[in-house]
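See below for input_22.pdb, which holds PDB, C-alpha atoms.
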```pdb
ATOM      1  CA  MET A   1      -2.522 -19.846  -7.536  1.00  0.00           C
ATOM      2  CA  ASN A   2       0.722 -19.438  -9.505  1.00  0.00           C
ATOM      3  CA  ASN A   3       1.150 -18.382 -13.101  1.00  0.00           C
ATOM      4  CA  ARG A   4       3.631 -18.541 -15.973  1.00  0.00           C
ATOM      5  CA  ILE A   5       3.012 -15.050 -17.342  1.00  0.00           C
ATOM      6  CA  LYS A   6       6.643 -13.958 -16.939  1.00  0.00           C
ATOM      7  CA  GLU A   7       7.885 -17.082 -18.709  1.00  0.00           C
ATOM      8  CA  PHE A   8       5.475 -16.665 -21.646  1.00  0.00           C
ATOM      9  CA  ARG A   9       6.125 -12.931 -21.850  1.00  0.00           C
ATOM     10  CA  ALA A  10       9.858 -13.597 -22.162  1.00  0.00           C
ATOM     11  CA  ARG A  11       9.168 -16.277 -24.782  1.00  0.00           C
ATOM     12  CA  PHE A  12       7.120 -13.814 -26.857  1.00  0.00           C
ATOM     13  CA  GLY A  13       9.657 -11.015 -26.327  1.00  0.00           C
ATOM     14  CA  LEU A  14       7.092  -8.647 -24.839  1.00  0.00           C
ATOM     15  CA  THR A  15       7.755  -5.975 -22.252  1.00  0.00           C
ATOM     16  CA  GLN A  16       5.368  -5.588 -19.305  1.00  0.00           C
ATOM     17  CA  GLN A  17       4.062  -2.372 -20.868  1.00  0.00           C
ATOM     18  CA  GLU A  18       3.423  -4.047 -24.230  1.00  0.00           C
ATOM     19  CA  LEU A  19       1.551  -6.909 -22.567  1.00  0.00           C
ATOM     20  CA  ALA A  20      -0.433  -4.425 -20.460  1.00  0.00           C
ATOM     21  CA  ASP A  21      -1.383  -2.500 -23.618  1.00  0.00           C
ATOM     22  CA  ARG A  22      -2.521  -5.681 -25.345  1.00  0.00           C
ATOM     23  CA  VAL A  23      -4.854  -6.725 -22.533  1.00  0.00           C
ATOM     24  CA  GLN A  24      -5.941  -3.138 -21.696  1.00  0.00           C
ATOM     25  CA  VAL A  25      -4.679  -2.965 -18.116  1.00  0.00           C
ATOM     26  CA  ARG A  26      -2.095  -0.852 -16.297  1.00  0.00           C
ATOM     27  CA  ARG A  27       1.518  -2.007 -16.218  1.00  0.00           C
ATOM     28  CA  GLU A  28       1.422  -2.379 -12.437  1.00  0.00           C
ATOM     29  CA  THR A  29      -1.300  -5.029 -12.817  1.00  0.00           C
ATOM     30  CA  ILE A  30       1.115  -7.125 -14.892  1.00  0.00           C
ATOM     31  CA  VAL A  31       3.831  -6.529 -12.268  1.00  0.00           C
ATOM     32  CA  PHE A  32       1.577  -7.770  -9.442  1.00  0.00           C
ATOM     33  CA  LEU A  33       0.367 -10.714 -11.545  1.00  0.00           C
ATOM     34  CA  GLU A  34       3.941 -11.827 -12.237  1.00  0.00           C
ATOM     35  CA  GLN A  35       4.767 -11.565  -8.531  1.00  0.00           C
ATOM     36  CA  ASN A  36       1.716 -13.729  -7.732  1.00  0.00           C
ATOM     37  CA  LYS A  37       0.313 -10.875  -5.664  1.00  0.00           C
ATOM     38  CA  TYR A  38      -2.955 -10.706  -7.544  1.00  0.00           C
ATOM     39  CA  ASN A  39      -5.379 -13.246  -8.976  1.00  0.00           C
ATOM     40  CA  PRO A  40      -6.922 -11.885 -12.196  1.00  0.00           C
ATOM     41  CA  SER A  41     -10.572 -11.976 -13.148  1.00  0.00           C
ATOM     42  CA  LEU A  42     -11.702 -14.703 -15.515  1.00  0.00           C
ATOM     43  CA  MET A  43     -11.921 -12.094 -18.301  1.00  0.00           C
ATOM     44  CA  LEU A  44      -8.322 -10.920 -17.827  1.00  0.00           C
ATOM     45  CA  ALA A  45      -7.087 -14.516 -17.557  1.00  0.00           C
ATOM     46  CA  TYR A  46      -8.877 -15.253 -20.847  1.00  0.00           C
ATOM     47  CA  HIS A  47      -7.338 -12.209 -22.585  1.00  0.00           C
ATOM     48  CA  LEU A  48      -3.855 -13.136 -21.338  1.00  0.00           C
ATOM     49  CA  SER A  49      -4.213 -16.708 -22.545  1.00  0.00           C
ATOM     50  CA  ARG A  50      -5.363 -15.389 -25.949  1.00  0.00           C
ATOM     51  CA  VAL A  51      -2.249 -13.182 -26.234  1.00  0.00           C
ATOM     52  CA  PHE A  52       0.027 -16.185 -25.612  1.00  0.00           C
ATOM     53  CA  ASP A  53      -2.206 -18.563 -27.582  1.00  0.00           C
ATOM     54  CA  VAL A  54      -2.435 -21.084 -24.739  1.00  0.00           C
ATOM     55  CA  THR A  55      -5.236 -22.318 -22.530  1.00  0.00           C
ATOM     56  CA  ILE A  56      -5.946 -20.747 -19.149  1.00  0.00           C
ATOM     57  CA  GLU A  57      -4.844 -23.997 -17.479  1.00  0.00           C
ATOM     58  CA  GLU A  58      -1.447 -23.761 -19.164  1.00  0.00           C
ATOM     59  CA  LEU A  59      -0.958 -20.163 -18.051  1.00  0.00           C
ATOM     60  CA  PHE A  60      -2.315 -20.441 -14.514  1.00  0.00           C
ATOM     61  CA  ILE A  61      -1.363 -23.241 -12.145  1.00  0.00           C
ATOM     62  CA  PHE A  62      -4.045 -24.029  -9.588  1.00  0.00           C
ATOM     63  CA  ASP A  63      -2.595 -25.390  -6.334  1.00  0.00           C
TER      64      ASP A  63
ATOM     65  CA  MET B   1       5.050  21.984 -17.752  1.00  0.00           C
ATOM     66  CA  LYS B   2       1.999  20.051 -16.536  1.00  0.00           C
ATOM     67  CA  THR B   3       4.301  17.841 -14.458  1.00  0.00           C
ATOM     68  CA  PHE B   4       5.010  20.824 -12.200  1.00  0.00           C
ATOM     69  CA  LEU B   5       1.406  22.031 -11.940  1.00  0.00           C
ATOM     70  CA  VAL B   6       0.071  19.276  -9.662  1.00  0.00           C
ATOM     71  CA  PRO B   7       2.866  19.478  -7.036  1.00  0.00           C
ATOM     72  CA  LEU B   8       2.698  23.294  -7.223  1.00  0.00           C
ATOM     73  CA  PHE B   9      -1.034  23.254  -6.554  1.00  0.00           C
ATOM     74  CA  ILE B  10      -0.602  20.870  -3.608  1.00  0.00           C
ATOM     75  CA  LEU B  11       2.221  23.024  -2.239  1.00  0.00           C
ATOM     76  CA  ALA B  12       0.058  26.155  -2.571  1.00  0.00           C
ATOM     77  CA  VAL B  13      -2.811  24.505  -0.647  1.00  0.00           C
ATOM     78  CA  LEU B  14      -0.397  23.367   2.046  1.00  0.00           C
ATOM     79  CA  LEU B  15       1.205  26.812   2.365  1.00  0.00           C
ATOM     80  CA  ALA B  16      -2.217  28.468   2.526  1.00  0.00           C
ATOM     81  CA  GLY B  17      -3.193  26.067   5.330  1.00  0.00           C
ATOM     82  CA  VAL B  18       0.014  26.749   7.269  1.00  0.00           C
ATOM     83  CA  LEU B  19      -0.352  30.531   6.858  1.00  0.00           C
ATOM     84  CA  PHE B  20      -3.993  30.377   7.929  1.00  0.00           C
ATOM     85  CA  LEU B  21      -3.040  28.298  10.945  1.00  0.00           C
ATOM     86  CA  PHE B  22      -0.278  30.620  12.145  1.00  0.00           C
ATOM     87  CA  LEU B  23      -2.070  33.892  11.358  1.00  0.00           C
ATOM     88  CA  ALA B  24      -5.347  32.842  12.973  1.00  0.00           C
ATOM     89  CA  GLY B  25      -3.938  33.036  16.493  1.00  0.00           C
ATOM     90  CA  PRO B  26      -1.919  31.008  18.997  1.00  0.00           C
ATOM     91  CA  VAL B  27      -1.046  27.535  17.724  1.00  0.00           C
ATOM     92  CA  THR B  28      -2.247  24.689  19.957  1.00  0.00           C
ATOM     93  CA  THR B  29      -1.137  21.043  20.040  1.00  0.00           C
ATOM     94  CA  LEU B  30      -4.397  20.093  18.338  1.00  0.00           C
ATOM     95  CA  ASP B  31      -3.594  22.497  15.481  1.00  0.00           C
ATOM     96  CA  LEU B  32      -0.220  20.839  14.999  1.00  0.00           C
ATOM     97  CA  ILE B  33      -1.765  17.340  15.018  1.00  0.00           C
ATOM     98  CA  GLN B  34      -4.316  18.439  12.412  1.00  0.00           C
ATOM     99  CA  LEU B  35      -1.541  19.994  10.317  1.00  0.00           C
ATOM    100  CA  ALA B  36       0.504  16.777  10.514  1.00  0.00           C
ATOM    101  CA  VAL B  37      -2.482  14.714   9.389  1.00  0.00           C
ATOM    102  CA  ILE B  38      -3.192  17.130   6.516  1.00  0.00           C
ATOM    103  CA  VAL B  39       0.451  16.908   5.412  1.00  0.00           C
ATOM    104  CA  LEU B  40       0.259  13.085   5.447  1.00  0.00           C
ATOM    105  CA  ILE B  41      -2.978  13.104   3.442  1.00  0.00           C
ATOM    106  CA  LEU B  42      -1.477  15.541   0.935  1.00  0.00           C
ATOM    107  CA  ALA B  43       1.588  13.294   0.605  1.00  0.00           C
ATOM    108  CA  GLY B  44      -0.665  10.308  -0.090  1.00  0.00           C
ATOM    109  CA  THR B  45      -2.693  12.336  -2.570  1.00  0.00           C
ATOM    110  CA  THR B  46       0.496  13.455  -4.324  1.00  0.00           C
ATOM    111  CA  VAL B  47       1.595   9.829  -4.789  1.00  0.00           C
ATOM    112  CA  PHE B  48      -1.869   8.952  -6.099  1.00  0.00           C
ATOM    113  CA  VAL B  49      -2.030  11.912  -8.513  1.00  0.00           C
ATOM    114  CA  MET B  50       1.492  11.340  -9.837  1.00  0.00           C
ATOM    115  CA  ASP B  51       0.670   7.668 -10.348  1.00  0.00           C
ATOM    116  CA  ARG B  52      -2.404   8.597 -12.386  1.00  0.00           C
ATOM    117  CA  TYR B  53      -0.415  11.168 -14.350  1.00  0.00           C
ATOM    118  CA  ARG B  54       2.235   8.577 -15.256  1.00  0.00           C
ATOM    119  CA  SER B  55      -0.545   6.280 -16.474  1.00  0.00           C
ATOM    120  CA  TYR B  56      -1.969   9.108 -18.565  1.00  0.00           C
ATOM    121  CA  LYS B  57       1.443   9.719 -20.143  1.00  0.00           C
ATOM    122  CA  ARG B  58       1.798   6.006 -20.941  1.00  0.00           C
ATOM    123  CA  ARG B  59      -1.726   6.056 -22.418  1.00  0.00           C
ATOM    124  CA  GLU B  60      -2.846   3.357 -19.997  1.00  0.00           C
ATOM    125  CA  PRO B  61      -6.395   3.197 -18.591  1.00  0.00           C
ATOM    126  CA  ALA B  62      -6.646   5.319 -15.425  1.00  0.00           C
ATOM    127  CA  GLU B  63      -8.474   2.466 -13.680  1.00  0.00           C
ATOM    128  CA  ASP B  64      -8.342  -1.236 -14.307  1.00  0.00           C
ATOM    129  CA  GLU B  65      -9.567  -4.280 -12.395  1.00  0.00           C
ATOM    130  CA  TYR B  66      -6.528  -4.353 -10.088  1.00  0.00           C
ATOM    131  CA  SER B  67      -6.682  -0.659  -9.122  1.00  0.00           C
ATOM    132  CA  LYS B  68     -10.462  -0.921  -8.591  1.00  0.00           C
ATOM    133  CA  SER B  69     -10.022  -3.996  -6.373  1.00  0.00           C
ATOM    134  CA  LEU B  70      -7.321  -2.156  -4.444  1.00  0.00           C
ATOM    135  CA  SER B  71      -9.539   0.901  -3.859  1.00  0.00           C
ATOM    136  CA  GLN B  72     -12.540  -1.234  -2.880  1.00  0.00           C
ATOM    137  CA  LYS B  73     -10.521  -3.366  -0.469  1.00  0.00           C
ATOM    138  CA  ALA B  74      -8.897  -0.271   1.087  1.00  0.00           C
ATOM    139  CA  ALA B  75     -12.320   1.383   1.475  1.00  0.00           C
ATOM    140  CA  ALA B  76     -13.822  -1.748   3.058  1.00  0.00           C
ATOM    141  CA  ILE B  77     -10.990  -2.165   5.581  1.00  0.00           C
ATOM    142  CA  SER B  78     -10.792   1.539   6.448  1.00  0.00           C
ATOM    143  CA  PHE B  79     -14.572   1.674   6.973  1.00  0.00           C
ATOM    144  CA  TYR B  80     -14.300  -1.191   9.468  1.00  0.00           C
ATOM    145  CA  ILE B  81     -11.408   0.536  11.268  1.00  0.00           C
ATOM    146  CA  SER B  82     -13.322   3.847  11.236  1.00  0.00           C
ATOM    147  CA  LEU B  83     -16.162   2.328  13.258  1.00  0.00           C
ATOM    148  CA  PHE B  84     -13.735   1.620  16.085  1.00  0.00           C
ATOM    149  CA  LEU B  85     -12.093   4.988  15.534  1.00  0.00           C
ATOM    150  CA  TRP B  86     -15.363   6.826  16.202  1.00  0.00           C
ATOM    151  CA  LEU B  87     -15.921   4.635  19.255  1.00  0.00           C
ATOM    152  CA  ALA B  88     -12.461   5.659  20.522  1.00  0.00           C
ATOM    153  CA  ILE B  89     -13.283   9.314  19.820  1.00  0.00           C
ATOM    154  CA  LYS B  90     -16.533   8.944  21.792  1.00  0.00           C
ATOM    155  CA  ILE B  91     -14.608   7.533  24.765  1.00  0.00           C
ATOM    156  CA  LEU B  92     -11.914  10.226  24.487  1.00  0.00           C
ATOM    157  CA  SER B  93     -14.513  12.985  24.227  1.00  0.00           C
ATOM    158  CA  ASP B  94     -15.794  12.001  27.691  1.00  0.00           C
ATOM    159  CA  ARG B  95     -12.296  12.425  29.160  1.00  0.00           C
ATOM    160  CA  PHE B  96     -10.898  15.447  27.282  1.00  0.00           C
ATOM    161  CA  THR B  97     -12.531  18.815  26.741  1.00  0.00           C
ATOM    162  CA  LEU B  98     -12.651  19.910  23.089  1.00  0.00           C
ATOM    163  CA  CYS B  99     -15.374  21.556  21.055  1.00  0.00           C
ATOM    164  CA  THR B 100     -17.586  19.287  18.941  1.00  0.00           C
ATOM    165  CA  GLY B 101     -16.171  20.753  15.726  1.00  0.00           C
ATOM    166  CA  SER B 102     -12.637  19.751  16.714  1.00  0.00           C
ATOM    167  CA  TRP B 103     -13.681  16.177  17.488  1.00  0.00           C
ATOM    168  CA  LEU B 104     -15.499  15.937  14.176  1.00  0.00           C
ATOM    169  CA  THR B 105     -12.498  17.368  12.302  1.00  0.00           C
ATOM    170  CA  LEU B 106     -10.175  14.911  14.034  1.00  0.00           C
ATOM    171  CA  GLY B 107     -12.524  12.035  13.209  1.00  0.00           C
ATOM    172  CA  VAL B 108     -12.828  12.932   9.531  1.00  0.00           C
ATOM    173  CA  LEU B 109      -9.069  13.497   9.160  1.00  0.00           C
ATOM    174  CA  ALA B 110      -8.355  10.193  10.927  1.00  0.00           C
ATOM    175  CA  MET B 111     -10.775   8.410   8.569  1.00  0.00           C
ATOM    176  CA  ALA B 112      -9.026   9.918   5.544  1.00  0.00           C
ATOM    177  CA  LEU B 113      -5.631   8.989   6.968  1.00  0.00           C
ATOM    178  CA  THR B 114      -6.818   5.420   7.645  1.00  0.00           C
ATOM    179  CA  ASN B 115      -7.914   5.114   4.021  1.00  0.00           C
ATOM    180  CA  VAL B 116      -4.601   6.438   2.674  1.00  0.00           C
ATOM    181  CA  ILE B 117      -2.531   4.150   4.941  1.00  0.00           C
ATOM    182  CA  THR B 118      -4.673   1.090   4.128  1.00  0.00           C
ATOM    183  CA  TRP B 119      -4.386   1.796   0.387  1.00  0.00           C
ATOM    184  CA  CYS B 120      -0.579   2.152   0.646  1.00  0.00           C
ATOM    185  CA  LEU B 121      -0.241  -1.055   2.712  1.00  0.00           C
ATOM    186  CA  LEU B 122      -2.417  -3.062   0.327  1.00  0.00           C
ATOM    187  CA  ARG B 123      -0.506  -1.716  -2.663  1.00  0.00           C
ATOM    188  CA  PHE B 124       2.761  -2.801  -1.040  1.00  0.00           C
ATOM    189  CA  ARG B 125       1.434  -6.210   0.067  1.00  0.00           C
ATOM    190  CA  GLY B 126      -0.682  -7.000  -3.000  1.00  0.00           C
ATOM    191  CA  LEU B 127      -4.062  -8.742  -3.144  1.00  0.00           C
ATOM    192  CA  GLN B 128      -3.160 -12.396  -2.847  1.00  0.00           C
ATOM    193  CA  ASN B 129      -5.968 -14.914  -3.187  1.00  0.00           C
ATOM    194  CA  GLU B 130      -8.711 -12.313  -2.820  1.00  0.00           C
TER     195      GLU B 130
END
```

Mind converting the file's structure to structure tokens?
Amino acid sequence: MNNRIKEFRARFGLTQQELADRVQVRRETIVFLEQNKYNPSLMLAYHLSRVFDVTIEELFIFD
Amino acid sequence: MKTFLVPLFILAVLLAGVLFLFLAGPVTTLDLIQLAVIVLILAGTTVFVMDRYRSYKRREPAEDEYSKSLSQKAAAISFYISLFLWLAIKILSDRFTLCTGSWLTLGVLAMALTNVITWCLLRFRGLQNE
């Protein structure tokens, strides 16, 4: 599964730390998510999609 | 100030261990192996503690879903490896003469080391599709 977190984060002008603070996770979790080294839980995926105001399908690309 | 306290404490424990080892009597190869393993575990613990301290300074949660998954996966893999480790120790104990306490100490230290190494490898590799 790939994601567009880095692209949306850049579009919203957020740093990794700011995004991590908004979804209540550690910065390293955002780092691993952006590197596609971790698949988030449904809850975290939902919170991330809420931050960027998109659907989960738009943020995460299922292969 | 607090930044220096954790490494200082770890250094003090390490120095106390080394002093105890060398003052207790002649140093054997087994003593040196145990010391090496303790040093490795302390190094791993230092990385872990500093990581947590950085999170504290950034006002991040100490644990989140990724770090919990990482710990759980590392524990699961190291438990599986430990089963074979104890089997190897059982085989070795039939061939080499050591007191039971030494074998147990070696086993426990090896288990701890396995956990630290597994955690570090998983952290480097990530948890893809798991």

Could the residues of chain A within 6 Å of chain B, counting only C-alpha atoms, be given as a PyMOL selection string, please?
-> chain A and resi 25-26+29+37-38

Write to file, as a short mmCIF file (atom, residue, chain, number, x, y, z; two decimals), keeping the file's coordinate frame, the residues of the selection just made, with C-alpha atoms.
```cif
data_model
loop_
_atom_site.label_atom_id
_atom_site.label_comp_id
_atom_site.auth_asym_id
_atom_site.auth_seq_id
_atom_site.Cartn_x
_atom_site.Cartn_y
_atom_site.Cartn_z
CA VAL A 25 -4.68 -2.96 -18.12
CA ARG A 26 -2.10 -0.85 -16.30
CA THR A 29 -1.30 -5.03 -12.82
CA LYS A 37 0.31 -10.88 -5.66
CA TYR A 38 -2.96 -10.71 -7.54
#
```

Students should find that atom CA of Cys99 of chain B and atom CA of Asp31 of chain B are spaced 13.1 Å

Using all atoms listed in the file, find the one residue out of A:Met1, A:Ile56, A:Met43, A:Val31 that sits nearest to Gln16 of chain A.
-> A:Val31

Which is closer to Phe79 of chain B than all the others in B:Phe22, B:Asn115, B:Leu14, B:Thr28, using only C-alpha atoms?
->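 The shortest atom-to-atom distance to Phe79 of chain B comes from B:Asn115.
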
Can you work out which one of A:Asp53, A:Glu18, A:Phe12, A:Ala45 has the shortest atom-to-atom distance to Leu33 of chain A, counting all atoms listed in the file?
->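 Using all atoms listed in the file, the shortest distance to Leu33 of chain A belongs to A:Ala45.
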
Have a look at B:Ile117, B:Val108, B:Val37, B:Val47 and name the one nearest to Ala75 of chain B; count all atoms listed in the file.
->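 Using all atoms listed in the file, Ala75 of chain B sits closest to B:Ile117.
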
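Restricting the calculation to all atoms listed in the file, the smallest distance between Ser41 of chain A and any of A:Arg9, A:Phe60, A:Arg4, A:Val54 is found for A:Phe60.
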
What does the PyMOL selection byres ((chain B and resi 116) around 12) select in this file, as a VMD selection string?
-> chain B and resid 37 to 48 70 to 71 73 to 75 77 to 79 109 to 115 117 to 123

Mind giving me the straight-line distance from atom CA of Asp63 of chain A to atom CA of Gln17 of chain A in Å, one decimal?
->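 About the pair atom CA of Asp63 of chain A and atom CA of Gln17 of chain A: they are 28.0 Å apart.
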
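Among the candidates A:Phe32, A:Thr15, A:Val23, A:Asn3, the residue lying nearest to Tyr46 of chain A is A:Val23 (atoms considered: all atoms listed in the file).
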
Atom CA of Gln34 of chain B to atom CA of Leu106 of chain B: how many Å, to one decimal?
->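 A separation of 7.0 Å between them.
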
List the neighbours of Leu30 of chain B out to 10 Å using all atoms listed in the file; skip same-chain residues closer than 6 positions along the sequence, and give me the result as a ChimeraX atom specification.
-> /B:36,98,102,106

So that all listed atoms of segment 32-51 of chain A fit with 3 Å spare on each side, what axis-aligned box centre and edge lengths in Å, to one decimal, would you give as lines of an AutoDock Vina configuration file?
```
center_x = -3.6
center_y = -12.2
center_z = -15.9
size_x = 22.7
size_y = 14.9
size_z = 26.6
```

Could you tell me which residues the PyMOL selection byres ((chain B and resi 89) around 12) returns for this structure, as a list in words?
-> Ser82, Leu83, Phe84, Leu85, Trp86, Leu87, Ala88, Lys90, Ile91, Leu92, Ser93, Asp94, Arg95, Phe96, Thr97, Leu98, Thr100, Ser102, Trp103, Leu104, Thr105, Leu106, Gly107, Val108, Ala110 and Met111 of chain B

Can you give me N, CA and C atoms for segment 40-61 of chain A, written as a short mmCIF file (atom, residue, chain, number, x, y, z; two decimals), in the coordinates of the input?
```
data_model
loop_
_atom_site.label_atom_id
_atom_site.label_comp_id
_atom_site.auth_asym_id
_atom_site.auth_seq_id
_atom_site.Cartn_x
_atom_site.Cartn_y
_atom_site.Cartn_z
N PRO A 40 -6.12 -12.67 -11.24
CA PRO A 40 -6.92 -11.88 -12.20
C PRO A 40 -8.36 -12.39 -12.29
N SER A 41 -9.20 -11.55 -12.88
CA SER A 41 -10.57 -11.98 -13.15
C SER A 41 -10.53 -13.01 -14.28
N LEU A 42 -11.63 -13.70 -14.45
CA LEU A 42 -11.70 -14.70 -15.52
C LEU A 42 -11.49 -14.04 -16.88
N MET A 43 -12.04 -12.82 -17.04
CA MET A 43 -11.92 -12.09 -18.30
C MET A 43 -10.46 -11.76 -18.61
N LEU A 44 -9.73 -11.27 -17.60
CA LEU A 44 -8.32 -10.92 -17.83
C LEU A 44 -7.50 -12.18 -18.08
N ALA A 45 -7.79 -13.24 -17.34
CA ALA A 45 -7.09 -14.52 -17.56
C ALA A 45 -7.31 -15.00 -18.99
N TYR A 46 -8.54 -14.84 -19.48
CA TYR A 46 -8.88 -15.25 -20.85
C TYR A 46 -8.10 -14.42 -21.86
N HIS A 47 -8.06 -13.09 -21.66
CA HIS A 47 -7.34 -12.21 -22.58
C HIS A 47 -5.85 -12.53 -22.60
N LEU A 48 -5.28 -12.80 -21.42
CA LEU A 48 -3.86 -13.14 -21.34
C LEU A 48 -3.57 -14.45 -22.07
N SER A 49 -4.44 -15.42 -21.88
CA SER A 49 -4.21 -16.71 -22.54
C SER A 49 -4.35 -16.57 -24.06
N ARG A 50 -5.21 -15.64 -24.50
CA ARG A 50 -5.36 -15.39 -25.95
C ARG A 50 -4.10 -14.75 -26.53
N VAL A 51 -3.48 -13.84 -25.76
CA VAL A 51 -2.25 -13.18 -26.23
C VAL A 51 -1.16 -14.22 -26.45
N PHE A 52 -1.04 -15.18 -25.51
CA PHE A 52 0.03 -16.18 -25.61
C PHE A 52 -0.41 -17.44 -26.38
N ASP A 53 -1.65 -17.45 -26.81
CA ASP A 53 -2.21 -18.56 -27.58
C ASP A 53 -2.08 -19.90 -26.82
N VAL A 54 -2.42 -19.86 -25.55
CA VAL A 54 -2.44 -21.08 -24.74
C VAL A 54 -3.76 -21.13 -23.99
N THR A 55 -4.01 -22.24 -23.33
CA THR A 55 -5.24 -22.32 -22.53
C THR A 55 -4.99 -21.67 -21.15
N ILE A 56 -6.07 -21.35 -20.49
CA ILE A 56 -5.95 -20.75 -19.15
C ILE A 56 -5.22 -21.71 -18.20
N GLU A 57 -5.48 -23.01 -18.35
CA GLU A 57 -4.84 -24.00 -17.48
C GLU A 57 -3.33 -24.04 -17.68
N GLU A 58 -2.89 -23.76 -18.91
CA GLU A 58 -1.45 -23.76 -19.16
C GLU A 58 -0.77 -22.52 -18.57
N LEU A 59 -1.52 -21.43 -18.53
CA LEU A 59 -0.96 -20.16 -18.05
C LEU A 59 -1.05 -20.05 -16.53
N PHE A 60 -2.12 -20.55 -15.97
CA PHE A 60 -2.32 -20.44 -14.51
C PHE A 60 -2.29 -21.84 -13.88
N ILE A 61 -1.52 -21.95 -12.81
CA ILE A 61 -1.36 -23.24 -12.14
C ILE A 61 -2.15 -23.20 -10.84
#
```
